[in-house]
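Below is one structure, written out as structure tokens; the observations come after it.
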Amino acid sequence: MTDRYCVFGNPIGHSKSPAIHAAFAAATGQDLTYEARLAPIDAADGFAAAVQAFVAEGGRGANVTVPFKEDAYRLAGAPGNRLTPRAQLAGAVNTLAFGMDGVPVLGDNTDGVGLVRDLTDFLGVSLAGKRILLLGAGGAARGALGPLLDAGPAELAIANRTVAKAQTLVELVAASHPRAQVSACAFADLAGRRFDVVINATSASLQGEPVPLPAGLYAPGGVAYDMMYGADTPFLAQARQLGAAICTDGLGMLVEQAAEAFALWRGVRPDTAAVRRLLRPA
Ligand code: ATR
């Protein structure tokens with residue numbers, strides 16, 4: 001029987017995940033279907049009910065996108081289910097597997113590892129020993145923390161409009177990464193500081209404005225990475241003005257997080273280069 005997978009979101013119509021997973025399945029010869037499913041936002045436990053219905057129809061796994069990643073975290077964290085350590089640290093789940101290893105609902109988070117893999121394997125940017133600046137302290141930033149620190153940077157600074165939220169993230173990783181150099185600051189504190197890699201995890205781009213960043217922020221050869229996708233986000237336009245050497249959006253992260261989910265479900269790691277070309281022809 002063909003195995004069934006889906007992505008839950010609201011809205012979900014523009015999701016690229018069905019095309020990405022269909023391409024992975026074709027390339028690896030895996031017999032599966034992958035559809036987009038709209039889960040309700042106006043009903044209490046609407047997300048959990050949507051997942052239950054999909055499992056009852058024979059669903060084997062699902063991706064989870066906005067605004068359900070915290071709901072998925074709660075579901076996989078319920079007694080009898082299981083969260084991976086990286087999902088626990090992220091406080092959010094983007095990948096669910098149903099009935100794997102006898103666990104009804106396993107929750108994982110592949111977003112952060114997708115980001116790191118895009119930077120290291122695809123863009124050729126080694127993070128070991130680098131000075132990294134993470135902009136934002138919401139769900140997207142929290143999801144990236146563990147994998148970024150696992151890569152062994154010299155320093156990770158978290159800058160946020162609300163500094164207290166950045167400070168909370170610093171405290172969160174103190175237990176999991178006790179030797180890491182992690183700090184919190186406001187955007188105004190960045191004057192005079194230099195970073196090798198600057199990652200935008202704020203949603204400021206959605207409002208069409210970049211966060212205020214000072215001249216001199218990017219070290220020579222500096223990398224600007226926007227977790228949003230879109231060729232010319234306000235953050236990337238600003239990064240070009242500030243002299244960043246490599247400027248990239250989050251499309252590669254989207255493909256890599258999908259590949260990591262696919263590998264969890266199917267035990268096969270798909271080649272992501274062909275799918276990148278499919279989504280963004282040269
Ligand atoms: P997500 O899950 O996408 O991370 P979120 O949890 O709502 O969404 O977090 C949004 C992030 O973008 C936060 O860091 C937020 O800053 P605050 O914590 O100060 O609210 C940041 N953000 C949103 N709009 C912004 C703007 N116009 N300028 C700067 N930061 C902004």
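In the structure tokens, chains take the letters A, B, ... in the order shown, each chain's residues start at 1, and ligands count up from 1 in the order shown.
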Secondary structure check, helix (DSSP H, G or I) residues of segment 92-280 of chain A, as an MDAnalysis selection string: chainID A and resid 111:122 139:150 163:176 187:190 204:207 234:241 251:266 273:279
Counting only C-alpha atoms and all ligand atoms, give me one row per residue of chain A with an atom at most 10 Å from an atom of ligand 1, showing the shortest contact pair and its distance in Å to one decimal, sorted by chain then residue number, as a tab-separated table.
residue	atom	partner	partner_atom_place_in_ligand_line	distance
A:Thr65	CA	ligand 1	2 (O)	9.9
A:Val66	CA	ligand 1	2 (O)	7.8
A:Pro67	CA	ligand 1	2 (O)	8.2
A:Lys69	CA	ligand 1	2 (O)	8.7
A:Glu70	CA	ligand 1	2 (O)	9.5
A:Ala92	CA	ligand 1	2 (O)	9.3
A:Leu134	CA	ligand 1	14 (O)	9.8
A:Leu135	CA	ligand 1	14 (O)	7.1
A:Gly136	CA	ligand 1	14 (O)	3.5
A:Ala137	CA	ligand 1	14 (O)	3.9
A:Gly138	CA	ligand 1	6 (O)	3.3
A:Gly139	CA	ligand 1	2 (O)	3.6
A:Ala140	CA	ligand 1	4 (O)	3.7
A:Ala141	CA	ligand 1	4 (O)	5.8
A:Arg142	CA	ligand 1	4 (O)	7.6
A:Gly143	CA	ligand 1	4 (O)	8.5
A:Ile158	CA	ligand 1	14 (O)	9.7
A:Ala159	CA	ligand 1	14 (O)	8.4
A:Asn160	CA	ligand 1	14 (O)	5.6
A:Arg161	CA	ligand 1	19 (O)	3.8
A:Thr162	CA	ligand 1	19 (O)	3.8
A:Val163	CA	ligand 1	19 (O)	7.2
A:Ala164	CA	ligand 1	18 (O)	8.4
A:Lys165	CA	ligand 1	18 (O)	6.0
A:Ala166	CA	ligand 1	18 (O)	7.7
A:Ala186	CA	ligand 1	19 (O)	9.5
A:Phe187	CA	ligand 1	29 (C)	8.7
A:Asn200	CA	ligand 1	12 (O)	8.9
A:Ala201	CA	ligand 1	4 (O)	6.1
A:Thr202	CA	ligand 1	12 (O)	3.3
A:Ser203	CA	ligand 1	12 (O)	4.1
A:Ala204	CA	ligand 1	25 (C)	3.9
A:Ser205	CA	ligand 1	27 (N)	7.5
A:Leu206	CA	ligand 1	24 (N)	7.7
A:Gln207	CA	ligand 1	27 (N)	6.4
A:Gly208	CA	ligand 1	27 (N)	8.4
A:Glu209	CA	ligand 1	27 (N)	6.6
A:Pro210	CA	ligand 1	28 (N)	7.0
A:Val211	CA	ligand 1	29 (C)	5.1
A:Pro212	CA	ligand 1	29 (C)	7.9
A:Met227	CA	ligand 1	3 (O)	9.2
A:Met228	CA	ligand 1	3 (O)	9.0
Please produce a file of the residues just selected, as a compact mmCIF listing (two decimals), in the first residue's frame, where the atoms kept are N, CA and C atoms.
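As a result, result_5.txt now contains:
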# COMPACT_ATOMS: atom_id res chain seq x y z
N THR A 65 3.56 23.29 9.80
CA THR A 65 4.05 24.64 9.60
C THR A 65 3.14 25.62 10.34
N VAL A 66 3.37 26.90 10.11
CA VAL A 66 2.66 27.97 10.81
C VAL A 66 1.15 27.77 10.72
N PRO A 67 0.38 27.90 11.80
CA PRO A 67 0.78 28.28 13.15
C PRO A 67 0.75 27.10 14.12
N LYS A 69 3.23 24.66 15.00
CA LYS A 69 4.42 23.95 15.49
C LYS A 69 4.40 23.74 17.01
N GLU A 70 3.80 24.70 17.73
CA GLU A 70 3.70 24.53 19.20
C GLU A 70 2.61 23.51 19.56
N ALA A 92 9.29 23.33 19.70
CA ALA A 92 8.39 23.31 18.54
C ALA A 92 8.69 22.06 17.72
N LEU A 134 22.51 36.03 15.66
CA LEU A 134 21.15 35.58 15.38
C LEU A 134 20.21 36.74 15.70
N LEU A 135 19.45 37.18 14.72
CA LEU A 135 18.51 38.28 14.91
C LEU A 135 17.12 37.71 15.17
N GLY A 136 16.54 38.05 16.33
CA GLY A 136 15.21 37.55 16.67
C GLY A 136 15.29 36.56 17.82
N ALA A 137 14.19 36.42 18.55
CA ALA A 137 14.17 35.51 19.69
C ALA A 137 12.82 34.80 19.79
N GLY A 138 12.13 34.68 18.66
CA GLY A 138 10.85 33.96 18.63
C GLY A 138 11.07 32.49 18.31
N GLY A 139 10.02 31.85 17.80
CA GLY A 139 10.07 30.42 17.53
C GLY A 139 11.14 30.04 16.51
N ALA A 140 11.29 30.85 15.47
CA ALA A 140 12.26 30.52 14.42
C ALA A 140 13.69 30.56 14.98
N ALA A 141 13.97 31.56 15.82
CA ALA A 141 15.30 31.68 16.42
C ALA A 141 15.56 30.52 17.37
N ARG A 142 14.57 30.20 18.19
CA ARG A 142 14.76 29.12 19.17
C ARG A 142 15.03 27.79 18.46
N GLY A 143 14.35 27.57 17.33
CA GLY A 143 14.55 26.33 16.58
C GLY A 143 15.95 26.19 16.03
N ILE A 158 22.69 36.84 20.35
CA ILE A 158 21.27 36.89 19.98
C ILE A 158 20.79 38.32 20.21
N ALA A 159 20.40 38.99 19.13
CA ALA A 159 19.91 40.37 19.25
C ALA A 159 18.42 40.38 18.98
N ASN A 160 17.68 41.07 19.82
CA ASN A 160 16.23 41.13 19.64
C ASN A 160 15.70 42.48 20.07
N ARG A 161 14.59 42.87 19.44
CA ARG A 161 13.92 44.13 19.81
C ARG A 161 13.58 44.10 21.30
N THR A 162 13.03 42.98 21.77
CA THR A 162 12.75 42.79 23.20
C THR A 162 13.90 41.98 23.79
N VAL A 163 14.84 42.65 24.46
CA VAL A 163 16.07 41.98 24.89
C VAL A 163 15.78 40.85 25.88
N ALA A 164 14.75 41.01 26.70
CA ALA A 164 14.44 39.98 27.71
C ALA A 164 14.19 38.63 27.05
N LYS A 165 13.59 38.64 25.86
CA LYS A 165 13.32 37.37 25.18
C LYS A 165 14.61 36.72 24.68
N ALA A 166 15.56 37.54 24.25
CA ALA A 166 16.87 37.00 23.85
C ALA A 166 17.58 36.42 25.07
N ALA A 186 20.52 44.16 22.54
CA ALA A 186 19.57 44.92 21.73
C ALA A 186 20.24 45.26 20.40
N PHE A 187 19.47 45.64 19.40
CA PHE A 187 20.06 46.02 18.10
C PHE A 187 21.03 47.18 18.28
N ASN A 200 18.93 36.14 9.95
CA ASN A 200 17.69 36.84 10.29
C ASN A 200 16.59 35.84 10.62
N ALA A 201 16.21 35.77 11.90
CA ALA A 201 15.11 34.92 12.32
C ALA A 201 13.96 35.77 12.85
N THR A 202 13.96 37.08 12.52
CA THR A 202 12.82 37.92 12.90
C THR A 202 11.77 37.85 11.80
N SER A 203 10.58 38.30 12.13
CA SER A 203 9.53 38.37 11.10
C SER A 203 9.41 39.80 10.59
N ALA A 204 10.45 40.62 10.81
CA ALA A 204 10.40 42.03 10.39
C ALA A 204 10.22 42.14 8.88
N SER A 205 10.80 41.20 8.11
CA SER A 205 10.69 41.26 6.65
C SER A 205 9.24 41.23 6.20
N LEU A 206 8.40 40.54 6.97
CA LEU A 206 6.98 40.44 6.61
C LEU A 206 6.34 41.82 6.60
N GLN A 207 6.88 42.71 7.44
CA GLN A 207 6.35 44.08 7.49
C GLN A 207 7.09 44.99 6.52
N GLY A 208 7.97 44.39 5.69
CA GLY A 208 8.65 45.15 4.64
C GLY A 208 9.78 46.02 5.12
N GLU A 209 10.26 45.79 6.35
CA GLU A 209 11.33 46.64 6.87
C GLU A 209 12.45 45.77 7.45
N PRO A 210 13.71 46.18 7.25
CA PRO A 210 14.79 45.43 7.90
C PRO A 210 14.94 45.87 9.34
N VAL A 211 15.53 45.02 10.19
CA VAL A 211 15.84 45.49 11.53
C VAL A 211 17.03 46.45 11.42
N PRO A 212 17.13 47.42 12.33
CA PRO A 212 18.20 48.42 12.21
C PRO A 212 19.57 47.81 12.54
N MET A 227 16.14 33.59 7.03
CA MET A 227 15.38 32.35 7.14
C MET A 227 14.08 32.40 6.34
N MET A 228 13.65 33.61 5.99
CA MET A 228 12.50 33.76 5.08
C MET A 228 12.95 33.41 3.67
Residue neighbourhood segment 233-246 of chain A, 8 Å, only C-alpha atoms, exclusion window fewer than 2 positions, as number ranges by chain: A: 200, 205, 208-211, 215-226, 228-231, 248-249
Residue neighbourhood Leu213 of chain A, 8 Å, only C-alpha atoms, exclusion window fewer than 6 positions, as a ChimeraX atom specification: /A:187-188,190-191
